[in-house]
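Asker: File start_17.txt below, compact mmCIF, C-alpha atoms:
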```txt
# COMPACT_ATOMS: atom_id res chain seq x y z
CA MET A 221 126.09 112.45 -181.75
CA THR A 222 128.11 111.82 -184.91
CA ARG A 223 126.77 112.70 -188.35
CA ARG A 224 126.42 109.00 -189.20
CA MET A 225 124.54 108.28 -185.93
CA ALA A 226 122.22 111.21 -186.62
CA PHE A 227 121.17 109.64 -189.92
CA LEU A 228 120.79 106.19 -188.40
CA LYS A 229 118.59 107.52 -185.61
CA GLY A 230 115.79 108.12 -188.11
CA LYS A 231 115.71 104.50 -189.31
CA THR A 232 112.42 102.73 -188.71
CA ALA A 233 112.59 99.75 -191.09
CA ASP A 234 114.64 96.58 -190.67
CA ILE A 235 116.60 97.20 -193.87
CA LYS A 236 120.15 95.89 -194.04
CA THR A 237 120.87 95.26 -197.72
CA ILE A 238 119.47 96.95 -200.80
CA ALA A 239 120.13 96.49 -204.51
CA VAL A 240 119.94 98.88 -207.43
CA LEU A 241 119.56 98.27 -211.16
CA THR A 242 118.99 100.28 -214.33
CA SER A 243 116.60 98.87 -216.88
CA GLY A 244 115.29 99.56 -220.38
CA GLY A 245 116.63 102.41 -222.48
CA ASP A 246 119.54 104.30 -220.94
CA ALA A 247 119.06 107.95 -220.00
CA PRO A 248 121.60 110.66 -219.12
CA GLY A 249 121.56 111.04 -215.35
CA MET A 250 121.20 107.36 -214.50
CA ASN A 251 124.73 107.38 -213.07
CA ALA A 252 123.83 110.33 -210.87
CA ALA A 253 120.79 108.39 -209.63
CA ILE A 254 122.94 105.32 -208.88
CA ARG A 255 125.34 107.56 -206.99
CA GLY A 256 122.45 109.04 -205.00
CA VAL A 257 121.22 105.57 -204.06
CA VAL A 258 124.60 104.15 -203.08
CA ARG A 259 125.88 107.10 -201.07
CA THR A 260 122.63 107.62 -199.18
CA ALA A 261 122.54 103.91 -198.37
CA VAL A 262 126.13 103.97 -197.09
CA VAL A 263 125.37 106.94 -194.83
CA ASN A 264 122.49 104.90 -193.40
CA GLY A 265 124.75 101.92 -192.72
CA LEU A 266 123.27 99.72 -195.45
CA LYS A 267 125.00 97.27 -197.73
CA VAL A 268 124.46 97.90 -201.44
CA LYS A 269 124.54 95.48 -204.33
CA GLY A 270 124.60 96.74 -207.88
CA ILE A 271 122.83 94.52 -210.39
CA ARG A 272 124.38 94.64 -213.85
CA ARG A 273 122.26 94.57 -217.02
CA GLY A 274 118.91 95.20 -215.38
CA TYR A 275 116.43 92.40 -214.85
CA THR A 276 118.53 90.12 -217.04
CA GLY A 277 121.39 90.51 -214.56
CA LEU A 278 119.01 89.90 -211.67
CA LEU A 279 117.94 86.57 -213.15
CA GLU A 280 121.60 85.67 -213.73
CA GLU A 281 122.59 86.94 -210.24
CA ASP A 282 125.13 89.31 -211.77
CA PHE A 283 125.72 91.28 -208.56
CA VAL A 284 128.55 93.58 -207.55
CA ASP A 285 129.13 95.05 -204.08
CA MET A 286 129.08 98.84 -204.10
CA ASP A 287 130.29 101.55 -201.74
CA ALA A 288 130.90 105.30 -201.89
CA ARG A 289 134.09 104.81 -203.89
CA SER A 290 132.18 102.73 -206.47
CA THR A 291 130.36 105.89 -207.48
CA SER A 292 133.32 108.27 -207.68
CA ASP A 293 133.73 110.19 -210.93
CA ILE A 294 130.49 109.00 -212.54
CA ILE A 295 128.02 111.85 -212.07
CA GLN A 296 129.13 113.65 -215.23
CA HIS A 297 128.93 110.63 -217.52
CA GLY A 298 126.00 109.53 -219.65
CA GLY A 299 124.86 105.91 -219.91
CA THR A 300 124.91 103.68 -216.83
CA ILE A 301 127.84 102.01 -215.08
CA LEU A 302 125.53 99.12 -214.22
CA TYR A 303 124.64 98.61 -217.90
CA THR A 304 121.10 97.95 -219.00
CA ALA A 305 119.10 95.47 -221.03
CA ARG A 306 115.56 94.53 -221.91
CA CYS A 307 114.40 91.25 -220.40
CA ALA A 308 111.70 89.20 -222.08
CA GLU A 309 111.61 86.71 -219.18
CA MET A 310 110.20 89.39 -216.87
CA MET A 311 107.10 89.50 -219.06
CA HIS A 312 106.15 86.04 -217.81
CA ASP A 313 105.09 84.92 -214.36
CA GLU A 314 107.80 82.26 -214.15
CA GLY A 315 110.56 84.80 -214.72
CA VAL A 316 109.13 87.24 -212.19
CA ALA A 317 108.76 84.50 -209.56
CA ARG A 318 112.37 83.43 -210.09
CA ALA A 319 113.58 87.03 -209.81
CA ALA A 320 111.70 87.51 -206.55
CA GLU A 321 113.18 84.29 -205.17
CA ILE A 322 116.70 85.42 -206.11
CA LEU A 323 116.19 88.68 -204.20
CA LYS A 324 115.03 86.71 -201.18
CA LYS A 325 117.90 84.21 -201.43
CA ASN A 326 120.45 87.03 -201.48
CA ASN A 327 118.84 88.74 -198.45
CA ILE A 328 118.00 91.87 -200.42
CA ASP A 329 115.49 93.84 -198.36
CA GLY A 330 114.74 96.48 -200.97
CA LEU A 331 115.33 96.93 -204.70
CA VAL A 332 115.67 100.32 -206.40
CA VAL A 333 114.70 100.19 -210.08
CA ILE A 334 115.82 103.10 -212.26
CA GLY A 335 114.05 103.10 -215.59
CA GLY A 336 110.95 103.86 -217.62
CA ASP A 337 107.41 102.56 -217.87
CA GLY A 338 108.40 99.00 -218.81
CA SER A 339 110.87 98.86 -215.92
CA TYR A 340 108.12 100.03 -213.57
CA ARG A 341 105.87 97.23 -214.76
CA GLY A 342 108.62 94.74 -213.93
CA ALA A 343 108.94 96.36 -210.51
CA ARG A 344 105.20 96.08 -209.94
CA ALA A 345 105.28 92.41 -210.91
CA LEU A 346 108.05 91.82 -208.35
CA ALA A 347 106.02 93.66 -205.73
CA GLU A 348 103.13 91.29 -206.41
CA LYS A 349 105.52 88.42 -205.60
CA GLY A 350 106.46 89.92 -202.24
CA ALA A 351 109.55 91.96 -203.11
CA ASN A 352 109.90 95.51 -201.78
CA VAL A 353 110.62 97.76 -204.73
CA VAL A 354 111.08 101.51 -205.20
CA GLY A 355 111.02 102.97 -208.71
CA VAL A 356 113.03 105.97 -209.88
CA PRO A 357 111.85 107.50 -213.20
CA GLY A 358 114.71 107.29 -215.70
CA THR A 359 113.64 107.79 -219.32
CA ILE A 360 114.24 110.46 -221.95
CA ASP A 361 110.63 110.16 -223.16
CA LEU A 362 108.94 111.90 -220.17
CA ASP A 363 106.16 109.33 -220.49
CA ILE A 364 105.65 108.16 -216.88
CA ALA A 365 102.26 109.48 -215.84
CA CYS A 366 102.82 109.83 -212.10
CA THR A 367 105.69 112.31 -212.41
CA ASP A 368 106.10 115.68 -214.08
CA TYR A 369 109.77 114.98 -214.77
CA THR A 370 111.86 111.97 -215.74
CA ILE A 371 115.65 111.70 -215.55
CA GLY A 372 117.29 112.20 -218.94
CA PHE A 373 114.58 114.29 -220.59
CA ASP A 374 116.38 117.61 -220.23
CA THR A 375 119.66 116.30 -221.64
CA ALA A 376 117.99 114.52 -224.57
CA LEU A 377 115.93 117.60 -225.29
CA ASN A 378 118.94 119.90 -225.37
CA THR A 379 120.91 117.45 -227.52
CA ALA A 380 118.07 117.25 -230.03
CA MET A 381 117.59 121.02 -230.00
CA GLU A 382 121.27 121.64 -230.78
CA CYS A 383 121.22 119.08 -233.60
CA ILE A 384 118.13 120.68 -235.11
CA ASP A 385 119.76 124.12 -234.95
CA ARG A 386 122.65 122.75 -237.00
CA VAL A 387 120.39 121.15 -239.57
CA ARG A 388 118.42 124.39 -239.73
CA ASP A 389 121.59 126.33 -240.62
CA THR A 390 122.40 124.16 -243.62
CA SER A 391 118.74 123.97 -244.65
CA ALA A 392 118.56 127.76 -244.69
CA SER A 393 121.67 127.91 -246.87
CA HIS A 394 120.10 125.56 -249.42
CA GLU A 395 116.52 126.88 -249.10
CA ARG A 396 115.26 123.42 -248.19
CA CYS A 397 112.45 121.80 -246.33
CA SER A 398 113.90 119.61 -243.58
CA ILE A 399 112.10 116.82 -241.77
CA ILE A 400 113.97 116.09 -238.55
CA GLU A 401 112.98 112.94 -236.67
CA VAL A 402 113.50 112.86 -232.92
CA MET A 403 113.00 110.02 -230.46
CA GLY A 404 109.61 109.24 -229.01
CA ARG A 405 107.99 106.03 -230.19
CA LYS A 406 104.80 106.42 -228.14
CA ALA A 407 105.25 109.88 -226.65
CA GLY A 408 105.78 113.19 -228.44
CA HIS A 409 107.20 115.29 -225.61
CA ILE A 410 110.67 115.71 -227.16
CA ALA A 411 109.16 116.58 -230.55
CA LEU A 412 106.74 119.10 -229.05
CA TRP A 413 109.35 120.86 -226.94
CA CYS A 414 111.88 120.93 -229.80
CA GLY A 415 109.23 122.11 -232.22
CA ILE A 416 108.65 125.16 -230.06
CA ALA A 417 112.32 125.69 -229.16
CA ASN A 418 113.54 125.35 -232.74
CA GLY A 419 110.79 127.39 -234.37
CA ALA A 420 109.38 124.56 -236.49
CA GLU A 421 106.57 125.10 -238.98
CA GLU A 422 105.12 121.62 -238.35
CA ILE A 423 105.22 119.35 -235.28
CA LEU A 424 104.11 115.74 -235.73
CA ILE A 425 103.48 113.72 -232.56
CA PRO A 426 101.68 110.40 -231.96
CA GLU A 427 99.18 111.96 -229.53
CA ARG A 428 97.84 114.52 -232.04
CA TYR A 429 98.80 113.54 -235.60
CA ASP A 430 95.79 113.03 -237.90
CA TYR A 431 97.82 111.56 -240.81
CA GLU A 432 96.45 114.23 -243.15
CA GLU A 433 99.73 114.59 -245.02
CA GLN A 434 98.12 116.49 -247.86
CA ALA A 435 97.24 119.30 -245.45
CA ILE A 436 100.94 119.60 -244.54
CA ILE A 437 101.88 119.68 -248.22
CA ASP A 438 99.28 122.38 -248.87
CA ARG A 439 100.61 124.54 -246.05
CA ILE A 440 104.20 124.18 -247.28
CA ALA A 441 103.14 125.07 -250.81
CA LEU A 442 101.32 128.15 -249.53
CA ARG A 443 104.31 129.30 -247.50
CA LYS A 444 106.53 128.79 -250.53
CA ARG A 445 104.26 131.00 -252.65
CA LEU A 446 104.40 133.66 -249.94
CA GLY A 447 108.19 133.67 -250.21
CA LYS A 448 109.21 131.45 -247.31
CA ARG A 449 112.48 129.69 -248.12
CA LEU A 450 113.06 127.50 -245.06
CA HIS A 451 110.64 124.90 -243.72
CA ILE A 452 111.31 122.78 -240.60
CA ILE A 453 109.18 119.78 -239.70
CA ILE A 454 109.83 118.03 -236.38
CA ASN A 455 108.66 114.44 -236.61
CA ALA A 456 108.40 112.09 -233.64
CA GLU A 457 109.77 108.56 -234.03
CA GLY A 458 106.28 107.18 -233.43
CA ILE A 459 105.08 108.78 -236.66
CA GLY A 460 108.22 107.77 -238.56
CA ASP A 461 108.49 107.42 -242.36
CA SER A 462 110.55 110.63 -242.49
CA ASN A 463 112.37 109.64 -245.69
CA GLY A 464 109.16 108.69 -247.45
CA MET A 465 107.49 111.88 -246.31
CA ALA A 466 110.41 113.96 -247.59
CA LYS A 467 110.17 112.34 -251.02
CA ARG A 468 106.42 112.95 -251.25
CA ILE A 469 106.72 116.60 -250.15
CA GLU A 470 109.47 117.26 -252.72
CA GLU A 471 107.48 115.64 -255.51
CA ALA A 472 104.34 117.60 -254.62
CA THR A 473 105.89 121.03 -254.04
CA GLY A 474 109.10 121.04 -256.05
CA LEU A 475 110.88 122.16 -252.91
CA GLU A 476 114.12 120.30 -252.15
CA THR A 477 113.33 118.24 -249.02
CA ARG A 478 115.66 116.19 -246.86
CA ALA A 479 115.07 113.93 -243.85
CA THR A 480 117.44 113.74 -240.90
CA ILE A 481 116.96 111.08 -238.23
CA ILE A 482 118.85 112.12 -235.10
CA GLY A 483 118.53 108.72 -233.42
CA TYR A 484 120.50 107.41 -230.47
CA ILE A 485 122.71 110.48 -230.12
CA GLN A 486 119.83 111.79 -227.98
CA ARG A 487 120.41 109.07 -225.36
CA GLY A 488 124.09 109.77 -224.76
CA GLY A 489 126.30 112.55 -223.54
CA SER A 490 127.04 114.30 -220.28
CA PRO A 491 123.81 115.03 -218.38
CA THR A 492 122.72 118.61 -217.85
CA CYS A 493 122.81 120.23 -214.42
CA ARG A 494 119.04 119.69 -214.09
CA ASP A 495 119.33 115.97 -214.81
CA ARG A 496 122.26 115.54 -212.42
CA VAL A 497 120.47 117.29 -209.56
CA PHE A 498 117.07 115.67 -210.11
CA ALA A 499 118.65 112.23 -210.48
CA SER A 500 120.73 112.68 -207.33
CA VAL A 501 117.70 113.77 -205.30
CA MET A 502 115.47 111.00 -206.66
CA GLY A 503 118.08 108.31 -206.02
CA SER A 504 118.62 109.55 -202.48
CA LYS A 505 114.89 109.76 -201.83
CA ALA A 506 114.43 106.14 -202.96
CA VAL A 507 116.70 105.01 -200.12
CA ASP A 508 114.99 107.33 -197.64
CA ILE A 509 111.69 105.67 -198.54
CA LEU A 510 113.08 102.20 -197.82
CA VAL A 511 114.78 103.28 -194.59
CA SER A 512 111.60 104.91 -193.30
CA GLY A 513 109.56 101.76 -193.90
CA GLY A 514 108.04 102.56 -197.28
CA LYS A 515 107.05 99.60 -199.43
CA ASN A 516 106.51 99.41 -203.15
CA ARG A 517 106.65 103.11 -203.95
CA VAL A 518 107.77 105.22 -206.89
CA VAL A 519 109.64 108.50 -206.61
CA CYS A 520 107.87 111.41 -208.31
CA TYR A 521 108.30 115.08 -209.02
CA ARG A 522 104.86 116.68 -208.90
CA GLU A 523 103.84 120.32 -208.74
CA GLY A 524 107.37 121.43 -207.95
CA LYS A 525 108.03 118.93 -205.15
CA PHE A 526 109.80 115.58 -204.84
CA THR A 527 107.39 113.04 -203.42
CA ASP A 528 106.38 109.39 -203.79
CA MET A 529 103.31 107.28 -204.35
CA ASP A 530 102.13 103.68 -204.40
CA ILE A 531 103.51 101.78 -207.38
CA PHE A 532 100.18 100.11 -208.15
CA GLU A 533 98.35 103.44 -208.15
CA ALA A 534 101.10 105.04 -210.24
CA LEU A 535 100.84 102.48 -213.01
CA GLU A 536 97.10 102.96 -213.32
CA MET A 537 97.64 106.59 -214.34
CA GLN A 538 97.59 107.67 -217.98
CA LYS A 539 99.69 110.49 -219.44
CA ASP A 540 98.81 112.72 -222.37
CA ILE A 541 100.76 115.51 -223.96
CA ASP A 542 100.54 118.91 -222.24
CA ASN A 543 97.56 120.25 -224.17
CA SER A 544 98.19 123.90 -223.27
CA LEU A 545 101.71 123.57 -224.70
CA TRP A 546 100.29 121.93 -227.81
CA GLU A 547 97.78 124.74 -228.32
CA ILE A 548 100.53 127.34 -227.96
CA SER A 549 102.66 125.48 -230.50
CA ARG A 550 99.77 125.69 -232.99
CA LYS A 551 99.78 129.48 -232.65
CA LEU A 552 103.54 129.69 -233.15
CA CYS A 553 103.83 127.36 -236.17
CA ARG A 554 103.43 129.65 -239.16
```
Would you write out, as structure tokens, the structure that this file holds?
Answerer:
Amino acid sequence: MTRRMAFLKGKTADIKTIAVLTSGGDAPGMNAAIRGVVRTAVVNGLKVKGIRRGYTGLLEEDFVDMDARSTSDIIQHGGTILYTARCAEMMHDEGVARAAEILKKNNIDGLVVIGGDGSYRGARALAEKGANVVGVPGTIDLDIACTDYTIGFDTALNTAMECIDRVRDTSASHERCSIIEVMGRKAGHIALWCGIANGAEEILIPERYDYEEQAIIDRIALRKRLGKRLHIIINAEGIGDSNGMAKRIEEATGLETRATIIGYIQRGGSPTCRDRVFASVMGSKAVDILVSGGKNRVVCYREGKFTDMDIFEALEMQKDIDNSLWEISRKLCR
């Protein structure tokens, strides 16, 4: 039996053509996930269509045929070769119904959606219209409740950490207080991890911030009186107002204070080894799910294992910050 026949022997579903798209904010490792999808599909004898620009491209039928060569020399690159976009039409029933009909018209038996929480909600809406969809968690925010890990988090985290180290160096030279804003509009995972990794004195995240700014000012003033010359505040995007906060702290304490907003640099760059491997495995597993007859699932990493679960169940789950990590950070911030 040939290697190809050995893979095909395990097929149980009548799957001939699948499609893959990336949606929402880009995340380092998405290309590795695409590669995992395409190459696993080819080994299983499936045709693969790439959909450019996410759900927008689906509605415009912007398809491209893909094979193993299509995914050569992409694993090390950030961004996504299929491009991405946010699609307002998928927030309405008419748009979802049209997208499902386009999948049916093009004989697409399964759709792999690589993206974050909003992308998953689009996938669930398609599933409700009869499409067979498998989600792969691709978001730097780590905010998908059903999985302990999302593609792109490790790279974004390390990028932010390195940027903060650099700001810390110049802040130490000038004896400043620095407020460094990292990404995370609704989730503070990057801020929390960086706060611990970079030795911050204050960590501000949407899940725990009480908006008692005066308490922060009082703590900075106390540290200053005790002789501390460097103060680092990690501020999540969801809290925001870093420039205003810097001005108020400087006026109240007399300590030179500067705000640095790292921004979209956290989304780009070559993915880390962890993101490349996790993305490759998750993309490959998405195809295995379709081939084995799975319907409307999401790929997860839970308790140290790659697994999957029902997309409807997954989207009912809620995710909070890791409270034990938060409590430890409180002990370390001094």
Asker: When you look at Cys366 (chain A) with a cut-off of 9 Å (counting only C-alpha atoms), what residues show up, excluding the ones that are within fewer than 2 positions of it in the same chain? I need them as a PyMOL selection string.
Answerer: chain A and resi 364+368+518-522+529+533-535+537-539
Asker: Would you mind exporting C-alpha atoms of the selected residues as a PDB file, in the frame of the given file?
Answerer:
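The resulting out_0.pdb:
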```
ATOM      1  CA  ILE A 364     105.650 108.160-216.880  1.00  0.00           C
ATOM      2  CA  ASP A 368     106.100 115.680-214.080  1.00  0.00           C
ATOM      3  CA  VAL A 518     107.770 105.220-206.890  1.00  0.00           C
ATOM      4  CA  VAL A 519     109.640 108.500-206.610  1.00  0.00           C
ATOM      5  CA  CYS A 520     107.870 111.410-208.310  1.00  0.00           C
ATOM      6  CA  TYR A 521     108.300 115.080-209.020  1.00  0.00           C
ATOM      7  CA  ARG A 522     104.860 116.680-208.900  1.00  0.00           C
ATOM      8  CA  MET A 529     103.310 107.280-204.350  1.00  0.00           C
ATOM      9  CA  GLU A 533      98.350 103.440-208.150  1.00  0.00           C
ATOM     10  CA  ALA A 534     101.100 105.040-210.240  1.00  0.00           C
ATOM     11  CA  LEU A 535     100.840 102.480-213.010  1.00  0.00           C
ATOM     12  CA  MET A 537      97.640 106.590-214.340  1.00  0.00           C
ATOM     13  CA  GLN A 538      97.590 107.670-217.980  1.00  0.00           C
ATOM     14  CA  LYS A 539      99.690 110.490-219.440  1.00  0.00           C
TER      15      LYS A 539
END
```
Asker: At what distance in Å, to one decimal, does CA of Glu422 (chain A) lie from CA of Gly358 (chain A)?
Answerer: 28.5 Å
Asker: When you draw a straight line from CA of Ile482 (chain A) to CA of His297 (chain A), how long is it in Å?
Answerer: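 Computed distance, CA of Ile482 (chain A) to CA of His297 (chain A), equals 20.3 Å.
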Asker: What does the distance between CA of Gly404 (chain A) and CA of Gly256 (chain A) come to in Å, to one decimal place?
Answerer: 27.2 Å
Asker: Nearest to Ser243 (chain A): which of A:Cys307, A:Ile440, A:Met502, A:Ala380 is it, counting only C-alpha atoms?
Answerer: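 Using only C-alpha atoms, the shortest distance to Ser243 (chain A) belongs to A:Cys307.
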Asker: Restricting the calculation to all atoms listed in the file: of A:Arg445, A:Arg405, A:Lys525, A:Arg439, which residue gets closest to Glu427 (chain A)?
Answerer: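 Counting all atoms listed in the file, the residue closest to Glu427 (chain A) is A:Arg405.
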Asker: Taking into account only C-alpha atoms, which residue in the set A:Gly274, A:Thr304, A:His451, A:Gly483 is nearest to His394 (chain A)?
Answerer: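 Counting only C-alpha atoms, the residue closest to His394 (chain A) is A:His451.
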Asker: Just the residues within 8 Å of Gly342 (chain A), please, counting only C-alpha atoms, with nothing from its chain fewer than 4 positions along; format it as a list of chain:residue names.
Answerer: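 The contact residues come out as A:Met310, A:Met311, A:Val316, A:Gly338, A:Leu346.
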Asker: Name the closest residue to Gly249 (chain A) among the candidates A:Asn418, A:Ser490, A:Asn543, A:Thr480; distances are taken between atoms, counting all atoms listed in the file.
Answerer: A:Ser490
Asker: Go through A:Glu382, A:Glu321, A:Asp374, A:Asp246 and flag the residue nearest Arg496 (chain A), using only C-alpha atoms for the distances.
Answerer: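 Ranked by minimum distance to Arg496 (chain A), first place goes to A:Asp374.
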Asker: Find the residues around Cys414 (chain A) up to 9 Å (only C-alpha atoms counted), leave out those fewer than 2 positions away in its own chain, and share them as a list of chain:residue names.
Answerer: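 The residues that qualify are A:Leu377, A:Asn378, A:Ala380, A:Met381, A:Ile384, A:Val402, A:His409, A:Ile410, A:Ala411, A:Leu412, A:Ile416, A:Ala417, A:Asn418, A:Gly419, A:Ala420, A:Ile423, A:Ile454.
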Asker: With distances taken over all atoms listed in the file, which of A:Leu545, A:Cys397, A:Ile271, A:Cys383 is nearest to Val284 (chain A)?
Answerer: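 Smallest separation from Val284 (chain A) among the options: A:Ile271.
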Asker: Considering only C-alpha atoms, tabulate each residue of region 449-544 of chain A that lies at most 12 Å from region 431-438 of chain A along with its nearest interatomic pair and the corresponding distance in Å to one decimal; arrange the rows by chain and ascending residue number and present them as a Markdown table.
Answerer:
```
| residue | atom | partner | partner_atom | distance |
| --- | --- | --- | --- | --- |
| A:His451 | CA | A:Ile436 | CA | 11.1 |
| A:Ile452 | CA | A:Ile436 | CA | 11.5 |
| A:Ile453 | CA | A:Ile436 | CA | 9.6 |
| A:Asn455 | CA | A:Tyr431 | CA | 12.0 |
| A:Ile459 | CA | A:Tyr431 | CA | 8.8 |
| A:Gly460 | CA | A:Tyr431 | CA | 11.3 |
| A:Asp461 | CA | A:Tyr431 | CA | 11.5 |
| A:Ser462 | CA | A:Glu433 | CA | 11.8 |
| A:Gly464 | CA | A:Glu433 | CA | 11.4 |
| A:Met465 | CA | A:Glu433 | CA | 8.3 |
| A:Ala466 | CA | A:Ile437 | CA | 10.3 |
| A:Lys467 | CA | A:Ile437 | CA | 11.4 |
| A:Arg468 | CA | A:Ile437 | CA | 8.7 |
| A:Ile469 | CA | A:Ile437 | CA | 6.1 |
| A:Glu470 | CA | A:Ile437 | CA | 9.1 |
| A:Glu471 | CA | A:Ile437 | CA | 10.0 |
| A:Ala472 | CA | A:Ile437 | CA | 7.2 |
| A:Thr473 | CA | A:Ile437 | CA | 7.2 |
| A:Gly474 | CA | A:Ile437 | CA | 10.7 |
| A:Leu475 | CA | A:Ile437 | CA | 10.4 |
| A:Thr477 | CA | A:Ile437 | CA | 11.6 |
```
Asker: With 8 Å as the threshold, what does the neighbourhood of (125.6, 109.6, -216.1) contain in terms of residues, counting only C-alpha atoms? Coordinates are those of the file; answer as an MDAnalysis selection string.
Answerer: chainID A and resid 247:252 294:301 490:491 496
Asker: Mind dumping the selected residues with C-alpha atoms as an mmCIF file, keeping the file's coordinate frame?
Answerer:
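Now in part18.cif:
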```
data_model
loop_
_atom_site.group_PDB
_atom_site.id
_atom_site.type_symbol
_atom_site.label_atom_id
_atom_site.label_comp_id
_atom_site.auth_asym_id
_atom_site.auth_seq_id
_atom_site.Cartn_x
_atom_site.Cartn_y
_atom_site.Cartn_z
ATOM 1 C CA ALA A 247 119.060 107.950 -220.000
ATOM 2 C CA PRO A 248 121.600 110.660 -219.120
ATOM 3 C CA GLY A 249 121.560 111.040 -215.350
ATOM 4 C CA MET A 250 121.200 107.360 -214.500
ATOM 5 C CA ASN A 251 124.730 107.380 -213.070
ATOM 6 C CA ALA A 252 123.830 110.330 -210.870
ATOM 7 C CA ILE A 294 130.490 109.000 -212.540
ATOM 8 C CA ILE A 295 128.020 111.850 -212.070
ATOM 9 C CA GLN A 296 129.130 113.650 -215.230
ATOM 10 C CA HIS A 297 128.930 110.630 -217.520
ATOM 11 C CA GLY A 298 126.000 109.530 -219.650
ATOM 12 C CA GLY A 299 124.860 105.910 -219.910
ATOM 13 C CA THR A 300 124.910 103.680 -216.830
ATOM 14 C CA ILE A 301 127.840 102.010 -215.080
ATOM 15 C CA SER A 490 127.040 114.300 -220.280
ATOM 16 C CA PRO A 491 123.810 115.030 -218.380
ATOM 17 C CA ARG A 496 122.260 115.540 -212.420
#
```
Asker: Please list as a list in words every residue within 6 Å of Ile425 (chain A), counting all atoms listed in the file and excluding residues in the same chain fewer than 3 positions away.
Answerer: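 Contacts, with the query itself left out: Gly408, Arg428, Tyr429 and Ala456 of chain A.
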Asker: Identify, on the basis of only C-alpha atoms, every residue whose closest approach to Gly335 (chain A) does not exceed 7 Å; exclude the query and any residue fewer than 4 positions from it along the same chain; express the result as a list in words.
Answerer: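 My reading of the contact set: Thr242, Ser243, Gly244, Ser339, Tyr340, Val356, Pro357, Gly358 and Thr359 of chain A.
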